[in-house]
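One structure below.
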Amino acid sequence: MEGFKVDKWGYEVKTNSDSCISSINSYYHQVLSYGRERSVILEAPKQDPTCVLANILAAHYLSSADSSRALPLLQAAKSYLEQASLYEKVVFDVINCLISPSRDDDVAVELHFKLLKDFPRDLVSLKRAQVLCFYMGRPDLSLKLVEQVLSVNKQESYIYGMLAFSLLELGRYTDAEEAANKGFEIDSEDAWTHHALCHVYQYKCRFKEAVQFMEKCSRTWSSLSSFMYTHNWWHVALCYLEGHSPMEKVRDVYDQNIWKELERSDASPAEVYLNAVGLLLRVYVRGGINVFGDRLKILADCLTNKAFWYLEWHLDVLVVWALSCTGEVSKAEELLEGLKSRISKMTKKKRQHMQRAMLLAEALFEYGKGENERALEFLDETFDAINYKIIGASDEQLDVFNDVWITMLLNSGQATKAIQAIEKQLKKREGTPFLWRLLG
């Protein structure tokens, strides 16, 4: 059709600019490969200011970090909507809903289901929908989304990493391993597939195999985003930690493969801090923080910067702990009050969901101060971190909160409850070394 070109998926886009389409396709690749050059999408509206797809994708890219710059792009997309292709109009509707201040997550997911029914090759929309489901704590919906489009994407490498992660979050590890291996066969450099396979190996306590596999794959990670690069190394560090390696080995991974990422000029500090503080909490619970010298204090000093607050709940919960643990109690209290204020402005439905996250943050605040009994008051007697996916964390990331819960029970003299909690977790994953040591 005159005035239209097709994107990577073969769907029509209203533009005469080859460079605009090229930038859009490059963005697709960056999103799916967890690349560090996702900002390439900002070039597309410059190359064709009238292209609806270019403007709306760029608006979505900026929406979380720089909403003031996103608004003109959203308005530009809206003003040219009438002349856009059907595909562009559907993508516009989905993203417009997603970046709305009054967003209804359930509606946003349903719009993605409809989009993918008509345009099943759009794997970036699938990824966007799965990220939304992750922050909703709904891996069941994430799996339904990927299964809906699987039949027309069987030769695409990225589809299997997305399938595998959904299966992992539902506890279907055998199926997840099979899916991830398929993805690895198609593209051995897909970092999300590496990540999925490492999850499987960790769950099965095949720590040595996990480390060998990930370190072999790591030579392909230099172009990954700060999050994906440090997160894959976070998994390696956990395998060393759980596999009885010297704590110095874990510290080396922290120094050379997580903290060192901050030296790169295009690093995203918040993405690094999430994996850094997540690892240090594990080390702290296991009594190994002394080996890390003043690293926790250095990290906590960085986290007093409010620019890193309120980006995502998982990070906020961890920051509350790091601040209270290192004596920055007033800062931790300020962050807690800010979180309460944000919850109060949410819709009633969202507020009910996030109240649980607030209680976890309160508990981590008290734990950081060493007030174990006070911390336990914020958590149910049947606490299980698996029920806190709403903070935007995987099962593996949530596990540390079970460790904290059990440690607090032991520290407050509640041995019988601690034993019950340990045995409950061992039924889910019987080979966990740390839990067996606690039980002993």
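Naming scheme: A, B, ... for chains in displayed order of the structure tokens; residues 1 onward per chain; ligands 1 onward as shown.
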Legend entry - Contacts of Thr416 (chain A) within 12 Å, only C-alpha atoms, excl. fewer than 6 positions in-chain, as a PyMOL selection string: chain A and resi 406+409-410+422-423+439
Keeping only N, CA, C and O atoms, write the selected residues to a file as a compact mmCIF listing (two decimals), in the first residue's frame.
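What follows is the written file result_4.txt:
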# COMPACT_ATOMS: atom_id res chain seq x y z
N ILE A 406 12.53 -17.03 58.53
CA ILE A 406 12.98 -18.15 59.37
C ILE A 406 14.06 -17.69 60.35
O ILE A 406 14.05 -18.07 61.53
N LEU A 409 12.50 -15.84 63.20
CA LEU A 409 11.87 -16.77 64.15
C LEU A 409 12.91 -17.37 65.08
O LEU A 409 12.72 -17.45 66.30
N LEU A 410 14.05 -17.78 64.52
CA LEU A 410 15.12 -18.35 65.33
C LEU A 410 15.69 -17.32 66.30
O LEU A 410 15.93 -17.61 67.47
N ILE A 422 10.80 -24.12 57.94
CA ILE A 422 11.87 -24.74 57.16
C ILE A 422 11.35 -25.99 56.45
O ILE A 422 11.58 -26.19 55.25
N GLU A 423 10.63 -26.82 57.19
CA GLU A 423 10.11 -28.06 56.59
C GLU A 423 9.13 -27.76 55.47
O GLU A 423 9.08 -28.48 54.47
N LEU A 439 18.04 -26.07 59.74
CA LEU A 439 17.28 -27.13 60.41
C LEU A 439 18.18 -27.89 61.39
O LEU A 439 17.77 -28.23 62.49
Legend entry - Test item, alpha helix (DSSP H) assignment across region 150-361 of chain A, answer as a ChimeraX atom specification: /A:157-169,173-186,191-203,207-217,226-242,247-253,269-285,295-303,313-325,329-344,348-361
Inset, instruction - Name the closest residue to Lys127 (chain A) among the candidates A:Trp192, A:Glu169, A:Asp175, A:Ala415; distances are taken between atoms, counting only C-alpha atoms. - result: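 Of all the options, A:Trp192 lies closest to Lys127 (chain A).
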Legend entry - Pick from A:Ile258, A:Leu170, A:Ala267, A:Ala164 nearest to Lys182 (chain A), counting only C-alpha atoms: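 Ranking A:Ile258, A:Leu170, A:Ala267, A:Ala164 by distance to Lys182 (chain A), first place goes to A:Ala164.
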Quick one: contact table of region 313-421 of chain A to region 223-235 of chain A, 12 Å max, nearest atom pair and distance in Å to one decimal per residue, counting only C-alpha atoms, chain and number order, as JSON lines?
{"residue": "A:Ser394", "atom": "CA", "partner": "A:His231", "partner_atom": "CA", "distance": 11.7}
{"residue": "A:Glu396", "atom": "CA", "partner": "A:His235", "partner_atom": "CA", "distance": 9.0}
{"residue": "A:Gln397", "atom": "CA", "partner": "A:His235", "partner_atom": "CA", "distance": 9.6}
Take the selection from the previous step and output its residues with all heavy atoms, as a short mmCIF file (atom, residue, chain, number, x, y, z; two decimals), in the first residue's frame.
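Listing of selection_33.cif after writing:
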data_model
loop_
_atom_site.label_atom_id
_atom_site.label_comp_id
_atom_site.auth_asym_id
_atom_site.auth_seq_id
_atom_site.Cartn_x
_atom_site.Cartn_y
_atom_site.Cartn_z
N SER A 394 10.89 -12.49 41.11
CA SER A 394 10.75 -13.90 40.76
C SER A 394 10.79 -14.76 42.01
O SER A 394 11.14 -14.29 43.10
CB SER A 394 11.88 -14.33 39.82
OG SER A 394 13.13 -14.33 40.52
N GLU A 396 12.92 -16.95 42.76
CA GLU A 396 14.31 -16.99 43.24
C GLU A 396 14.64 -15.71 44.02
O GLU A 396 15.34 -15.74 45.04
CB GLU A 396 15.27 -17.16 42.06
CG GLU A 396 16.66 -17.59 42.45
CD GLU A 396 16.72 -19.03 42.94
OE1 GLU A 396 16.17 -19.93 42.26
OE2 GLU A 396 17.32 -19.25 44.00
N GLN A 397 14.15 -14.57 43.54
CA GLN A 397 14.40 -13.31 44.23
C GLN A 397 13.63 -13.23 45.55
O GLN A 397 14.09 -12.62 46.52
CB GLN A 397 14.01 -12.13 43.33
CG GLN A 397 14.96 -11.92 42.15
CD GLN A 397 14.41 -10.89 41.17
OE1 GLN A 397 13.24 -10.93 40.79
NE2 GLN A 397 15.26 -9.98 40.73
#
Report as a tab-separated table the residues of region 235-285 of chain A within 9 Å of region 300-322 of chain A, each with its shortest atom pair and distance in Å (one decimal), using only C-alpha atoms, ordered by chain and increasing residue number.
residue	atom	partner	partner_atom	distance
A:Pro269	CA	A:Phe308	CA	8.4
A:Ala270	CA	A:Phe308	CA	6.0
A:Tyr273	CA	A:Leu315	CA	8.0
A:Leu274	CA	A:Leu315	CA	5.5
A:Asn275	CA	A:Leu315	CA	8.9
A:Val277	CA	A:Leu318	CA	6.5
A:Gly278	CA	A:Leu318	CA	6.8
A:Leu280	CA	A:Ala322	CA	8.8
A:Leu281	CA	A:Leu318	CA	7.9
Check which residues of region 58-124 of chain A sit at most 9 Å from region 134-144 of chain A using only C-alpha atoms, and return one row each with the closest pair of atoms and their distance in Å to one decimal, ordered by chain and rising number, as CSV.
residue,atom,partner,partner_atom,distance
A:Asp105,CA,A:Met136,CA,7.6
A:Val109,CA,A:Leu141,CA,8.3
A:Phe113,CA,A:Lys144,CA,8.9
Inset, instruction - Could you give me, as a PyMOL selection string, the residues within 8 Å of region 41-46 of chain A, counting only C-alpha atoms and dropping anything in the same chain fewer than 5 positions from it? - result: chain A and resi 19-21+23-24+26-27+51+54-55+57-58+61
Legend entry - Test item: residues at most 12 Å from region 424-429 of chain A, only C-alpha atoms, excluding those fewer than 4 positions along its chain, as an MDAnalysis selection string: chainID A and resid 171:173 200 202:205 382:386 395:396 399:403 405:406 417:420 433:439
Residues from the last selection, C-alpha atoms, saved as a PDB file, in the first residue's frame:
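Resulting contents of selection10.pdb:
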ATOM      1  CA  GLY A 171       6.801 -24.301  39.335  1.00  0.00           C
ATOM      2  CA  ARG A 172       6.870 -26.375  36.132  1.00  0.00           C
ATOM      3  CA  TYR A 173      10.642 -26.845  36.057  1.00  0.00           C
ATOM      4  CA  VAL A 200      16.291 -24.644  36.547  1.00  0.00           C
ATOM      5  CA  GLN A 202      19.470 -23.654  40.853  1.00  0.00           C
ATOM      6  CA  TYR A 203      16.104 -25.166  41.698  1.00  0.00           C
ATOM      7  CA  LYS A 204      17.569 -28.639  41.223  1.00  0.00           C
ATOM      8  CA  CYS A 205      20.634 -27.636  43.290  1.00  0.00           C
ATOM      9  CA  THR A 382       1.838 -18.606  57.798  1.00  0.00           C
ATOM     10  CA  PHE A 383       4.168 -16.249  55.909  1.00  0.00           C
ATOM     11  CA  ASP A 384       5.443 -17.494  52.551  1.00  0.00           C
ATOM     12  CA  ALA A 385       7.328 -15.135  50.245  1.00  0.00           C
ATOM     13  CA  ILE A 386       5.794 -16.818  47.193  1.00  0.00           C
ATOM     14  CA  ASP A 395      10.523 -16.961  42.997  1.00  0.00           C
ATOM     15  CA  GLU A 396      14.307 -16.987  43.245  1.00  0.00           C
ATOM     16  CA  ASP A 399      13.307 -16.797  48.466  1.00  0.00           C
ATOM     17  CA  VAL A 400      15.527 -14.527  50.525  1.00  0.00           C
ATOM     18  CA  PHE A 401      12.466 -13.207  52.365  1.00  0.00           C
ATOM     19  CA  ASN A 402      11.665 -16.752  53.480  1.00  0.00           C
ATOM     20  CA  ASP A 403      15.232 -16.974  54.759  1.00  0.00           C
ATOM     21  CA  TRP A 405      11.429 -14.926  58.089  1.00  0.00           C
ATOM     22  CA  ILE A 406      12.981 -18.151  59.367  1.00  0.00           C
ATOM     23  CA  LYS A 417       7.723 -22.296  64.292  1.00  0.00           C
ATOM     24  CA  ALA A 418      11.088 -21.975  62.539  1.00  0.00           C
ATOM     25  CA  ILE A 419      11.325 -25.754  62.100  1.00  0.00           C
ATOM     26  CA  GLN A 420       7.795 -25.835  60.668  1.00  0.00           C
ATOM     27  CA  PRO A 433      21.634 -26.416  51.545  1.00  0.00           C
ATOM     28  CA  PHE A 434      21.012 -23.294  53.638  1.00  0.00           C
ATOM     29  CA  LEU A 435      17.675 -24.571  54.939  1.00  0.00           C
ATOM     30  CA  TRP A 436      19.196 -27.917  55.896  1.00  0.00           C
ATOM     31  CA  ARG A 437      21.932 -26.074  57.816  1.00  0.00           C
ATOM     32  CA  LEU A 438      19.297 -24.024  59.654  1.00  0.00           C
ATOM     33  CA  LEU A 439      17.279 -27.133  60.408  1.00  0.00           C
TER      34      LEU A 439
END
Inset, instruction - Kindly indicate which residue among A:Asp294, A:Asp48, A:Glu334, A:Asp104 lies nearest to Tyr80 (chain A), using only C-alpha atoms for the distances. - result: A:Asp48
Legend entry - Of the listed residues A:His60, A:Lys8, A:Lys117, A:Lys350, that which approaches Pro72 (chain A) most closely, counting only C-alpha atoms: A:His60
Inset, instruction - Find the residues around Cys325 (chain A) up to 8 Å (only C-alpha atoms counted), leave out those fewer than 3 positions away in its own chain, and share them as a list in words. - result: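 Contacts, in chain order: Trp321, Ala322, Glu328, Val329, Phe365, Tyr367, Gly368, Lys369 and Gly370 of chain A.
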Inset, instruction - Might you pull out every residue within 7 Å of Glu88 (chain A), with only C-alpha atoms counted and same-chain residues fewer than 2 positions away left off, and present them as a list in words? - result: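 In the requested format, the answer is Val13, Val52, Leu53, Ala84, Ser85, Leu86, Val90, Val91 and Phe92 of chain A.
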Got time to write the residues from that selection, N, CA and C atoms, as a short mmCIF file (atom, residue, chain, number, x, y, z; two decimals), in the first residue's frame?
data_model
loop_
_atom_site.label_atom_id
_atom_site.label_comp_id
_atom_site.auth_asym_id
_atom_site.auth_seq_id
_atom_site.Cartn_x
_atom_site.Cartn_y
_atom_site.Cartn_z
N VAL A 13 3.14 -0.31 8.58
CA VAL A 13 3.40 0.90 9.35
C VAL A 13 3.33 2.08 8.39
N VAL A 52 2.98 7.04 13.70
CA VAL A 52 2.30 6.74 14.96
C VAL A 52 3.06 5.69 15.76
N LEU A 53 3.51 4.62 15.09
CA LEU A 53 4.20 3.54 15.81
C LEU A 53 5.50 4.06 16.42
N ALA A 84 -3.01 6.14 10.38
CA ALA A 84 -2.16 4.98 10.70
C ALA A 84 -2.77 3.67 10.25
N SER A 85 -1.95 2.61 10.22
CA SER A 85 -2.44 1.27 9.90
C SER A 85 -3.24 0.72 11.07
N LEU A 86 -3.99 -0.34 10.83
CA LEU A 86 -4.77 -0.97 11.90
C LEU A 86 -3.84 -1.46 13.00
N VAL A 90 -3.92 -0.38 17.05
CA VAL A 90 -4.07 -1.32 18.16
C VAL A 90 -2.91 -1.17 19.16
N VAL A 91 -1.69 -1.04 18.65
CA VAL A 91 -0.54 -0.83 19.53
C VAL A 91 -0.70 0.48 20.31
N PHE A 92 -1.19 1.51 19.62
CA PHE A 92 -1.43 2.80 20.30
C PHE A 92 -2.40 2.62 21.46
#
Inset, instruction - In Å, rounded to a single decimal, give me how far CA of Ile186 (chain A) is from CA of Glu156 (chain A). - result: 7.5 Å
Inset, instruction - Skip Leu360 (chain A) itself and residues of its chain fewer than 4 positions away, then list as a list in words all residues within 8 Å of it, counting only C-alpha atoms. - result: Val317, Arg356, Leu364, Phe378 and Leu379 of chain A
Selection file, C-alpha atoms, as a short mmCIF file (atom, residue, chain, number, x, y, z; two decimals), in the first residue's frame:
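Contents of the output file part_9.cif:
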data_model
loop_
_atom_site.label_atom_id
_atom_site.label_comp_id
_atom_site.auth_asym_id
_atom_site.auth_seq_id
_atom_site.Cartn_x
_atom_site.Cartn_y
_atom_site.Cartn_z
CA VAL A 317 11.76 -3.03 49.97
CA ARG A 356 0.94 -6.75 51.51
CA LEU A 364 12.41 -5.45 56.57
CA PHE A 378 3.98 -7.27 60.28
CA LEU A 379 3.91 -10.73 58.73
#
